[in-house]
>>> print(open('structure-v9.cif').read())   # mmCIF, C-alpha atoms
data_target
#
loop_
_atom_site.label_atom_id
_atom_site.label_comp_id
_atom_site.auth_asym_id
_atom_site.auth_seq_id
_atom_site.Cartn_x
_atom_site.Cartn_y
_atom_site.Cartn_z
CA MET I 1 -35.09 -19.47 39.64
CA MET I 2 -31.52 -19.18 40.89
CA GLY I 3 -30.94 -16.02 42.90
CA TRP I 4 -28.31 -13.34 42.28
CA THR I 5 -26.25 -14.35 45.33
CA LEU I 6 -25.89 -17.99 44.29
CA GLY I 7 -25.21 -17.08 40.69
CA ARG I 8 -22.51 -14.62 41.75
CA TYR I 9 -20.98 -17.29 44.00
CA PHE I 10 -20.70 -19.78 41.11
CA PHE I 11 -19.30 -17.06 38.86
CA LEU I 12 -16.65 -15.98 41.38
CA ARG I 13 -15.63 -19.59 42.00
CA TYR I 14 -15.03 -20.06 38.29
CA ALA I 15 -13.20 -16.72 38.02
CA ALA I 16 -10.87 -17.57 40.92
CA ILE I 17 -10.04 -21.04 39.60
CA ALA I 18 -9.55 -19.76 36.04
CA THR I 19 -7.19 -17.06 37.35
CA TRP I 20 -5.07 -19.57 39.24
CA PHE I 21 -4.93 -21.88 36.21
CA PHE I 22 -3.95 -18.95 33.99
CA LEU I 23 -1.17 -17.82 36.34
CA GLY I 24 0.08 -21.38 36.70
CA ILE I 25 0.21 -21.90 32.93
CA PHE I 26 1.90 -18.51 32.53
CA ALA I 27 4.65 -19.40 35.02
CA LEU I 28 5.13 -22.88 33.54
CA VAL I 29 5.37 -21.60 29.97
CA PHE I 30 7.82 -18.89 31.04
CA LEU I 31 10.13 -21.42 32.70
CA ILE I 32 10.02 -23.79 29.72
CA ASP I 33 10.57 -21.04 27.16
CA PHE I 34 13.38 -19.42 29.17
CA THR I 35 15.15 -22.77 29.56
CA GLU I 36 14.84 -23.57 25.86
CA LEU I 37 15.91 -20.08 24.78
CA SER I 38 18.93 -20.11 27.09
CA SER I 39 20.08 -23.45 25.73
CA ARG I 40 19.95 -22.07 22.15
CA THR I 41 21.46 -18.63 22.68
CA ALA I 42 23.76 -18.93 25.71
CA ARG I 43 26.85 -19.18 23.49
CA ILE I 44 26.04 -16.08 21.44
CA PRO I 45 28.33 -13.16 22.41
CA GLY I 46 26.43 -10.52 24.34
CA PHE I 47 23.80 -12.89 25.70
CA THR I 48 22.86 -12.47 29.36
CA TYR I 49 20.28 -14.30 31.40
CA GLN I 50 18.56 -10.99 32.08
CA MET I 51 18.14 -10.53 28.33
CA GLY I 52 16.90 -14.11 27.99
CA ALA I 53 14.34 -13.53 30.73
CA LEU I 54 13.18 -10.35 28.97
CA ILE I 55 12.74 -12.13 25.62
CA SER I 56 10.83 -14.98 27.26
CA ALA I 57 8.63 -12.59 29.24
CA LEU I 58 7.73 -10.79 26.01
CA ARG I 59 6.93 -14.05 24.19
CA VAL I 60 4.98 -15.78 26.94
CA PRO I 61 1.67 -13.88 26.46
CA MET I 62 1.43 -15.14 22.86
CA LEU I 63 2.23 -18.70 23.94
CA VAL I 64 -0.31 -18.53 26.76
CA LEU I 65 -2.92 -17.19 24.34
CA GLN I 66 -2.65 -20.46 22.42
CA ALA I 67 -3.43 -22.35 25.65
CA VAL I 68 -6.47 -20.26 26.61
CA PRO I 69 -8.99 -22.91 25.39
CA PHE I 70 -7.38 -25.51 27.65
CA VAL I 71 -7.35 -23.07 30.58
CA GLY I 72 -11.09 -22.61 30.07
CA LEU I 73 -11.66 -26.37 29.88
CA PHE I 74 -9.65 -27.24 32.99
CA ALA I 75 -11.05 -24.29 34.95
CA ALA I 76 -14.62 -25.35 34.18
CA MET I 77 -13.91 -28.97 35.08
CA ALA I 78 -12.18 -28.00 38.33
CA THR I 79 -15.01 -25.63 39.27
CA LEU I 80 -17.78 -28.17 38.72
CA VAL I 81 -15.87 -31.01 40.38
CA SER I 82 -15.11 -28.87 43.45
CA LEU I 83 -18.75 -27.77 43.73
CA ASN I 84 -19.84 -31.37 43.39
CA ARG I 85 -17.47 -32.72 46.02
CA LYS I 86 -18.74 -30.18 48.53
CA TYR I 87 -22.32 -31.20 47.69
CA GLU I 88 -23.10 -27.64 46.65
CA LEU I 89 -24.52 -28.84 43.34
CA VAL I 90 -26.60 -31.42 45.23
CA VAL I 91 -28.09 -28.69 47.41
CA ALA I 92 -28.72 -26.54 44.35
CA ARG I 93 -30.53 -29.40 42.62
CA ALA I 94 -32.53 -30.10 45.78
CA ALA I 95 -33.63 -26.45 45.80
CA GLY I 96 -35.10 -26.93 42.36
CA ILE I 97 -32.27 -25.31 40.37
CA SER I 98 -31.65 -27.06 37.08
CA ALA I 99 -28.24 -27.77 35.57
CA TRP I 100 -28.85 -25.07 32.95
CA GLN I 101 -29.28 -22.44 35.65
CA PHE I 102 -26.10 -23.14 37.63
CA LEU I 103 -24.14 -23.64 34.40
CA LEU I 104 -25.13 -20.16 33.21
CA PRO I 105 -22.73 -18.26 35.56
CA VAL I 106 -19.89 -20.60 34.59
CA CYS I 107 -20.62 -20.10 30.88
CA LEU I 108 -20.78 -16.33 31.41
CA GLY I 109 -17.42 -16.51 33.19
CA ALA I 110 -15.94 -18.44 30.25
CA LEU I 111 -17.38 -15.91 27.80
CA LEU I 112 -15.93 -12.99 29.78
CA PHE I 113 -12.57 -14.79 30.04
CA GLY I 114 -12.53 -15.19 26.25
CA ILE I 115 -13.43 -11.52 25.70
CA LEU I 116 -10.58 -10.44 27.97
CA ALA I 117 -8.21 -12.80 26.15
CA VAL I 118 -9.15 -11.28 22.79
CA GLY I 119 -9.51 -7.63 23.82
CA VAL I 120 -6.64 -7.34 26.32
CA LEU I 121 -4.27 -10.29 26.13
CA ASN I 122 -4.08 -10.47 22.32
CA PRO I 123 -2.88 -6.85 21.76
CA LEU I 124 -0.34 -7.26 24.58
CA ALA I 125 0.79 -10.60 23.15
CA ALA I 126 1.13 -9.21 19.62
CA GLU I 127 3.19 -6.24 20.82
CA GLY I 128 5.29 -8.45 23.09
CA LEU I 129 6.01 -10.95 20.32
CA SER I 130 7.03 -8.18 17.94
CA ARG I 131 9.39 -6.63 20.52
CA SER I 132 10.85 -10.01 21.46
CA GLN I 133 11.67 -10.65 17.81
CA GLN I 134 13.44 -7.30 17.61
CA VAL I 135 15.48 -7.94 20.78
CA GLU I 136 16.42 -11.46 19.68
CA SER I 137 17.27 -10.19 16.20
CA LEU I 138 19.62 -7.57 17.66
CA LEU I 139 21.24 -10.30 19.71
CA ARG I 140 21.71 -12.59 16.71
CA SER I 141 22.51 -9.86 14.17
CA GLY I 142 25.58 -10.81 12.22
CA LYS I 143 26.07 -13.96 14.30
CA SER I 144 24.51 -16.40 11.82
CA ASN I 145 24.72 -17.32 8.15
CA VAL I 146 21.95 -15.43 6.39
CA VAL I 147 21.62 -18.05 3.67
CA ALA I 148 21.06 -20.92 6.09
CA GLU I 149 18.10 -23.28 5.68
CA GLU I 150 16.09 -21.56 8.40
CA ILE I 151 15.86 -18.38 6.36
CA THR I 152 12.34 -16.98 6.21
CA PRO I 153 10.24 -17.00 2.99
CA TRP I 154 11.79 -15.51 -0.11
CA ILE I 155 9.97 -13.01 -2.32
CA ARG I 156 10.72 -11.97 -5.87
CA GLN I 157 10.09 -8.42 -6.99
CA LYS I 158 9.98 -7.12 -10.56
CA THR I 159 11.07 -3.59 -11.42
CA LYS I 160 12.16 -1.71 -14.53
CA SER I 161 15.79 -2.21 -13.54
CA GLY I 162 15.37 -6.00 -13.26
CA ASP I 163 14.21 -8.69 -10.88
CA THR I 164 15.40 -9.08 -7.31
CA ILE I 165 15.08 -12.07 -4.99
CA ILE I 166 14.83 -11.07 -1.33
CA GLY I 167 15.21 -13.15 1.83
CA ALA I 168 16.05 -12.51 5.46
CA ARG I 169 16.85 -14.30 8.69
CA ALA I 170 14.04 -12.53 10.56
CA ILE I 171 10.97 -10.53 9.60
CA LEU I 172 10.22 -7.62 11.94
CA SER I 173 7.72 -4.76 12.27
CA GLN I 174 4.92 -6.77 10.66
CA GLY I 175 6.96 -7.42 7.52
CA LEU I 176 8.25 -3.88 6.93
CA GLU I 177 11.70 -4.52 8.41
CA MET I 178 14.17 -7.35 7.83
CA ALA I 179 17.17 -8.49 9.81
CA ASP I 180 20.23 -9.97 8.08
CA ALA I 181 18.57 -9.52 4.69
CA THR I 182 19.93 -10.81 1.40
CA PHE I 183 19.17 -9.28 -2.02
CA PHE I 184 20.06 -11.11 -5.25
CA LEU I 185 19.87 -8.77 -8.26
CA LEU I 186 19.19 -10.60 -11.55
CA ASP I 187 19.64 -9.69 -15.21
CA ASP I 188 17.26 -10.42 -18.08
CA ASN I 189 18.56 -14.01 -18.27
CA ASP I 190 17.91 -14.60 -14.55
CA ASP I 191 21.63 -14.68 -13.85
CA ILE I 192 22.83 -13.15 -10.57
CA VAL I 193 24.71 -9.93 -11.25
CA GLU I 194 25.03 -8.69 -7.69
CA ARG I 195 24.42 -9.77 -4.12
CA LYS I 196 23.76 -7.40 -1.24
CA ASP I 197 23.80 -8.47 2.41
CA ALA I 198 22.40 -5.96 4.91
CA ARG I 199 22.14 -6.02 8.70
CA ARG I 200 18.81 -4.21 8.40
CA ALA I 201 16.45 -3.54 5.49
CA PHE I 202 13.48 -1.17 5.70
CA LEU I 203 10.68 -0.88 3.17
CA ARG I 204 10.27 2.77 2.18
CA ASP I 205 8.14 4.44 -0.46
CA GLY I 206 9.52 3.04 -3.72
CA TYR I 207 12.74 1.50 -2.41
CA TRP I 208 14.35 -0.77 0.17
CA GLU I 209 16.70 1.08 2.49
CA LEU I 210 19.66 -1.12 3.41
CA HIS I 211 21.90 -0.49 6.41
CA ASP I 212 25.43 -1.89 6.95
CA VAL I 213 25.54 -3.37 3.46
CA SER I 214 28.09 -5.78 2.00
CA ILE I 215 27.97 -5.70 -1.83
CA LEU I 216 29.40 -8.55 -3.91
CA PRO I 217 29.20 -8.05 -7.72
CA SER I 218 29.43 -11.07 -10.02
CA SER I 219 32.62 -9.58 -11.42
CA GLY I 220 34.70 -7.40 -9.16
CA THR I 221 35.66 -7.01 -5.54
CA ALA I 222 33.35 -6.78 -2.57
CA GLN I 223 32.63 -3.43 -0.99
CA THR I 224 30.71 -2.13 1.99
CA LYS I 225 28.34 0.77 2.45
CA GLN I 226 26.61 2.24 5.44
CA ILE I 227 23.38 2.85 3.52
CA ASP I 228 22.24 1.64 0.13
CA ARG I 229 19.00 1.46 -1.83
CA VAL I 230 17.26 -1.13 -3.97
CA PRO I 231 14.32 0.09 -6.07
CA THR I 232 10.99 -1.65 -5.53
CA ASP I 233 7.38 -1.48 -6.66
CA LEU I 234 6.17 -3.50 -3.68
CA LYS I 235 3.47 -1.98 -1.51
CA PRO I 236 3.59 -2.34 2.28
CA GLU I 237 0.24 -4.15 2.21
CA PHE I 238 1.63 -6.84 -0.13
CA VAL I 239 4.76 -7.32 1.94
CA GLN I 240 2.75 -7.56 5.16
CA GLU I 241 0.33 -10.08 3.65
CA ARG I 242 3.22 -12.12 2.24
CA LEU I 243 5.69 -12.02 5.12
CA ALA I 244 4.09 -10.80 8.35
CA ARG I 245 2.86 -13.36 10.86
CA PRO I 246 -0.84 -12.75 11.61
CA GLU I 247 -0.11 -13.29 15.31
CA THR I 248 2.03 -10.14 15.39
CA ILE I 249 -0.93 -7.93 14.37
CA PRO I 250 -3.26 -6.86 17.21
CA PHE I 251 -6.92 -7.80 17.02
CA TYR I 252 -8.07 -4.20 16.60
CA ASP I 253 -5.76 -3.65 13.58
CA LEU I 254 -6.75 -6.78 11.68
CA PRO I 255 -9.94 -5.44 10.00
CA GLY I 256 -8.03 -2.50 8.53
CA LYS I 257 -5.20 -4.73 7.31
CA ILE I 258 -7.69 -7.12 5.68
CA GLU I 259 -9.59 -4.33 3.94
CA VAL I 260 -6.46 -2.66 2.59
CA ALA I 261 -4.91 -5.98 1.45
CA ARG I 262 -8.08 -6.97 -0.41
CA SER I 263 -8.24 -3.55 -2.06
CA PHE I 264 -4.91 -4.49 -3.71
CA GLY I 265 -6.37 -7.78 -4.95
CA LEU I 266 -4.78 -9.95 -2.23
CA SER I 267 -6.72 -12.73 -0.52
CA ALA I 268 -5.55 -11.87 3.03
CA ASN I 269 -6.79 -15.31 4.14
CA ALA I 270 -4.22 -15.55 6.93
CA PHE I 271 -5.31 -12.23 8.45
CA ALA I 272 -9.01 -13.02 7.98
CA MET I 273 -8.57 -16.43 9.59
CA GLN I 274 -6.78 -14.89 12.55
CA PHE I 275 -9.54 -12.30 12.99
CA ASP I 276 -12.41 -14.79 12.71
CA SER I 277 -10.67 -17.20 15.10
CA LEU I 278 -10.27 -14.48 17.70
CA VAL I 279 -13.92 -13.47 17.35
CA ALA I 280 -14.95 -17.09 17.86
CA LEU I 281 -12.58 -17.66 20.81
CA PRO I 282 -14.98 -16.57 23.62
CA PHE I 283 -17.65 -18.91 22.27
CA LEU I 284 -15.06 -21.68 21.95
CA LEU I 285 -14.49 -21.33 25.69
CA VAL I 286 -18.24 -21.65 26.26
CA ALA I 287 -18.17 -24.83 24.17
CA MET I 288 -15.26 -26.09 26.29
CA THR I 289 -17.35 -25.38 29.40
CA LEU I 290 -20.24 -27.45 28.07
CA ILE I 291 -17.84 -30.29 27.31
CA ALA I 292 -16.50 -30.03 30.88
CA ALA I 293 -20.06 -30.14 32.22
CA THR I 294 -20.77 -33.44 30.46
CA VAL I 295 -18.09 -35.20 32.52
CA SER I 296 -18.01 -33.22 35.79
CA MET I 297 -21.54 -33.16 37.19
CA ARG I 298 -21.98 -36.72 38.39
CA PHE I 299 -23.04 -36.93 42.05
CA ALA I 300 -20.01 -36.99 44.34
CA ARG I 301 -21.19 -40.01 46.34
CA MET I 302 -21.33 -42.00 43.10
CA GLY I 303 -17.66 -41.16 42.53
CA GLN I 304 -16.10 -39.03 39.85
CA SER I 305 -15.17 -41.48 37.14
CA ALA I 306 -11.56 -41.01 36.15
CA THR I 307 -12.46 -42.41 32.74
CA MET I 308 -15.10 -39.72 32.22
CA ILE I 309 -12.72 -36.97 33.33
CA LEU I 310 -10.07 -38.29 30.95
CA GLY I 311 -12.71 -38.46 28.24
CA GLY I 312 -13.47 -34.77 28.78
CA VAL I 313 -9.78 -33.88 28.47
CA VAL I 314 -9.47 -35.96 25.29
CA ALA I 315 -12.63 -34.38 23.86
CA GLY I 316 -11.26 -30.90 24.55
CA PHE I 317 -7.94 -31.82 22.97
CA LEU I 318 -9.65 -33.24 19.88
CA LEU I 319 -11.73 -30.07 19.59
CA TYR I 320 -8.56 -28.00 19.69
CA VAL I 321 -6.87 -30.21 17.07
CA VAL I 322 -9.90 -29.94 14.79
CA SER I 323 -9.88 -26.16 15.26
CA VAL I 324 -6.23 -25.95 14.20
CA LEU I 325 -6.81 -28.29 11.24
CA VAL I 326 -9.85 -26.40 9.97
CA LYS I 327 -7.96 -23.15 10.49
CA ALA I 328 -5.25 -24.42 8.14
CA PHE I 329 -7.93 -25.13 5.52
CA GLY I 330 -9.22 -21.59 5.96
CA VAL I 331 -5.76 -20.05 5.51
CA ALA I 332 -5.23 -22.16 2.38
CA GLY I 333 -8.56 -20.96 0.98
CA PHE I 334 -10.22 -24.38 0.79
CA VAL I 335 -13.11 -23.19 2.97
CA PRO I 336 -14.30 -19.69 3.90
CA THR I 337 -12.48 -18.37 6.94
CA LEU I 338 -15.77 -17.62 8.72
CA VAL I 339 -16.86 -21.25 8.35
CA ALA I 340 -13.44 -22.53 9.41
CA ALA I 341 -13.51 -20.43 12.58
CA TRP I 342 -17.07 -21.24 13.68
CA PHE I 343 -17.49 -24.86 12.58
CA PRO I 344 -15.66 -26.43 15.59
CA VAL I 345 -17.47 -24.08 17.98
CA VAL I 346 -20.94 -24.92 16.66
CA VAL I 347 -20.25 -28.66 16.58
CA ALA I 348 -18.90 -28.66 20.15
CA MET I 349 -21.85 -26.62 21.42
CA PHE I 350 -24.35 -28.95 19.77
CA PHE I 351 -22.55 -31.94 21.28
CA GLY I 352 -22.53 -30.44 24.77
CA VAL I 353 -26.13 -29.23 24.67
CA THR I 354 -27.39 -32.54 23.26
CA PHE I 355 -25.60 -34.57 25.89
CA LEU I 356 -26.84 -32.37 28.74
CA LEU I 357 -30.40 -32.40 27.40
CA TYR I 358 -30.32 -36.19 27.29
CA LYS I 359 -28.75 -36.51 30.73
CA GLU I 360 -30.61 -33.77 32.60
CA ASP I 361 -33.97 -33.60 30.88
CA GLY I 362 -34.17 -36.96 29.10
#
>>> encode(input="structure-v9.cif", output="structure tokens")
Amino acid sequence: MMGWTLGRYFFLRYAAIATWFFLGIFALVFLIDFTELSSRTARIPGFTYQMGALISALRVPMLVLQAVPFVGLFAAMATLVSLNRKYELVVARAAGISAWQFLLPVCLGALLFGILAVGVLNPLAAEGLSRSQQVESLLRSGKSNVVAEEITPWIRQKTKSGDTIIGARAILSQGLEMADATFFLLDDNDDIVERKDARRAFLRDGYWELHDVSILPSSGTAQTKQIDRVPTDLKPEFVQERLARPETIPFYDLPGKIEVARSFGLSANAFAMQFDSLVALPFLLVAMTLIAATVSMRFARMGQSATMILGGVVAGFLLYVVSVLVKAFGVAGFVPTLVAAWFPVVVAMFFGVTFLLYKEDG
């Protein structure tokens, strides 16, 4: 049996390499996002590079969270290759330690990395993304056409006073606040009787509260108001399920959001898919580690085949693509979200375990 000292050594090697990969990806993503953001917003009045750096810094955790599976894959591959090149795996095998034993600390490291990503990084990323949207919205407020093609999804509400079509340039505060919002008030014949453009719109109990409003009736002259109201029967849970991005809701808040949304008869598939995917993420990293092991444990003197290493990278990429594709099916309701989240993980684990059983014990 492998001793505690050797197991801790393998675990710390993986932890150190994974940390360096994570920091490297973080810095690279920050530079790319800051460059792209600056090129899009540099001409907006009031923009400063300090503000651009702040927005990018707030958005980077969410972008890095999407790359966590690849960080786990590359960290596992780098760890095993480095141990192999220093003949440490050869010595471990010579001492009677099987591949399953020295892979256990690496798999535990990947599992812990995934738990930290879900329990710590995800809440920080959700809060950072929400704040970055607010800062960018303040920067762009009033600087763009609110009826442009990039406007976010429209919703139509029905009230006793008539129907209203609502859209906005940006959705903030998990769907309860809108920036550069537009309200089209309709009559019984679905003709537009009034248009209201607001810098900010907040969903209150029974009404939308509009700030800095420009009102344009179908017949008459335009007027402005500091604050105006539009009646609504919409519940916050419906608006959040319809408009809020699941990524902006922290992991710990998702179960409550799902339960409340379903109590109103909503499917909440997007929130459920996000929750199940996050629960499965640590085990996805373990699956990535097993895939890395299939291509990284060849004896060093026999040479590390570049083709096999490339094959491991391609396999990890395909696993990620399949995960995203199945996730889309789960959000659409074609398959249960639990199945969509765990299917790629189970398939990858079976593939890795089968290959290692054949190679090590066959």
>>> closest_atom_pairs(input="structure-v9.cif", of="region 33-118 of chain I", to="region 258-278 of chain I", cutoff="10 Å", atoms="only C-alpha atoms", output="Markdown table")
| residue | atom | partner | partner_atom | distance |
| --- | --- | --- | --- | --- |
| I:Gly114 | CA | I:Leu278 | CA | 8.9 |
| I:Ile115 | CA | I:Leu278 | CA | 9.1 |
| I:Ala117 | CA | I:Leu278 | CA | 8.9 |
| I:Val118 | CA | I:Leu278 | CA | 6.1 |
>>> write_last_selection(input="structure-v9.cif", atoms="C-alpha atoms", output="PDB file, in the coordinates of the input")
ATOM      1  CA  GLY I 114     -12.530 -15.190  26.250  1.00  0.00           C
ATOM      2  CA  ILE I 115     -13.430 -11.520  25.700  1.00  0.00           C
ATOM      3  CA  ALA I 117      -8.210 -12.800  26.150  1.00  0.00           C
ATOM      4  CA  VAL I 118      -9.150 -11.280  22.790  1.00  0.00           C
TER       5      VAL I 118
END
>>> closest_residue(input="structure-v9.cif", among="I:Ala293, I:Val29, I:Leu54, I:Ser173", to="Thr354 (chain I)", atoms="only C-alpha atoms")
I:Ala293
>>> closest_residue(input="structure-v9.cif", among="I:Glu127, I:Glu36, I:Asp233, I:Asp212", to="Ala181 (chain I)", atoms="all atoms listed in the file")
I:Asp212
>>> atom_distance(input="structure-v9.cif", atom1="CA of Leu284 (chain I)", atom2="CA of Gly119 (chain I)")
15.2 Å
>>> closest_residue(input="structure-v9.cif", among="I:Ala94, I:Ile165, I:Leu243, I:Ala126", to="Val193 (chain I)", atoms="all atoms listed in the file")
I:Ile165
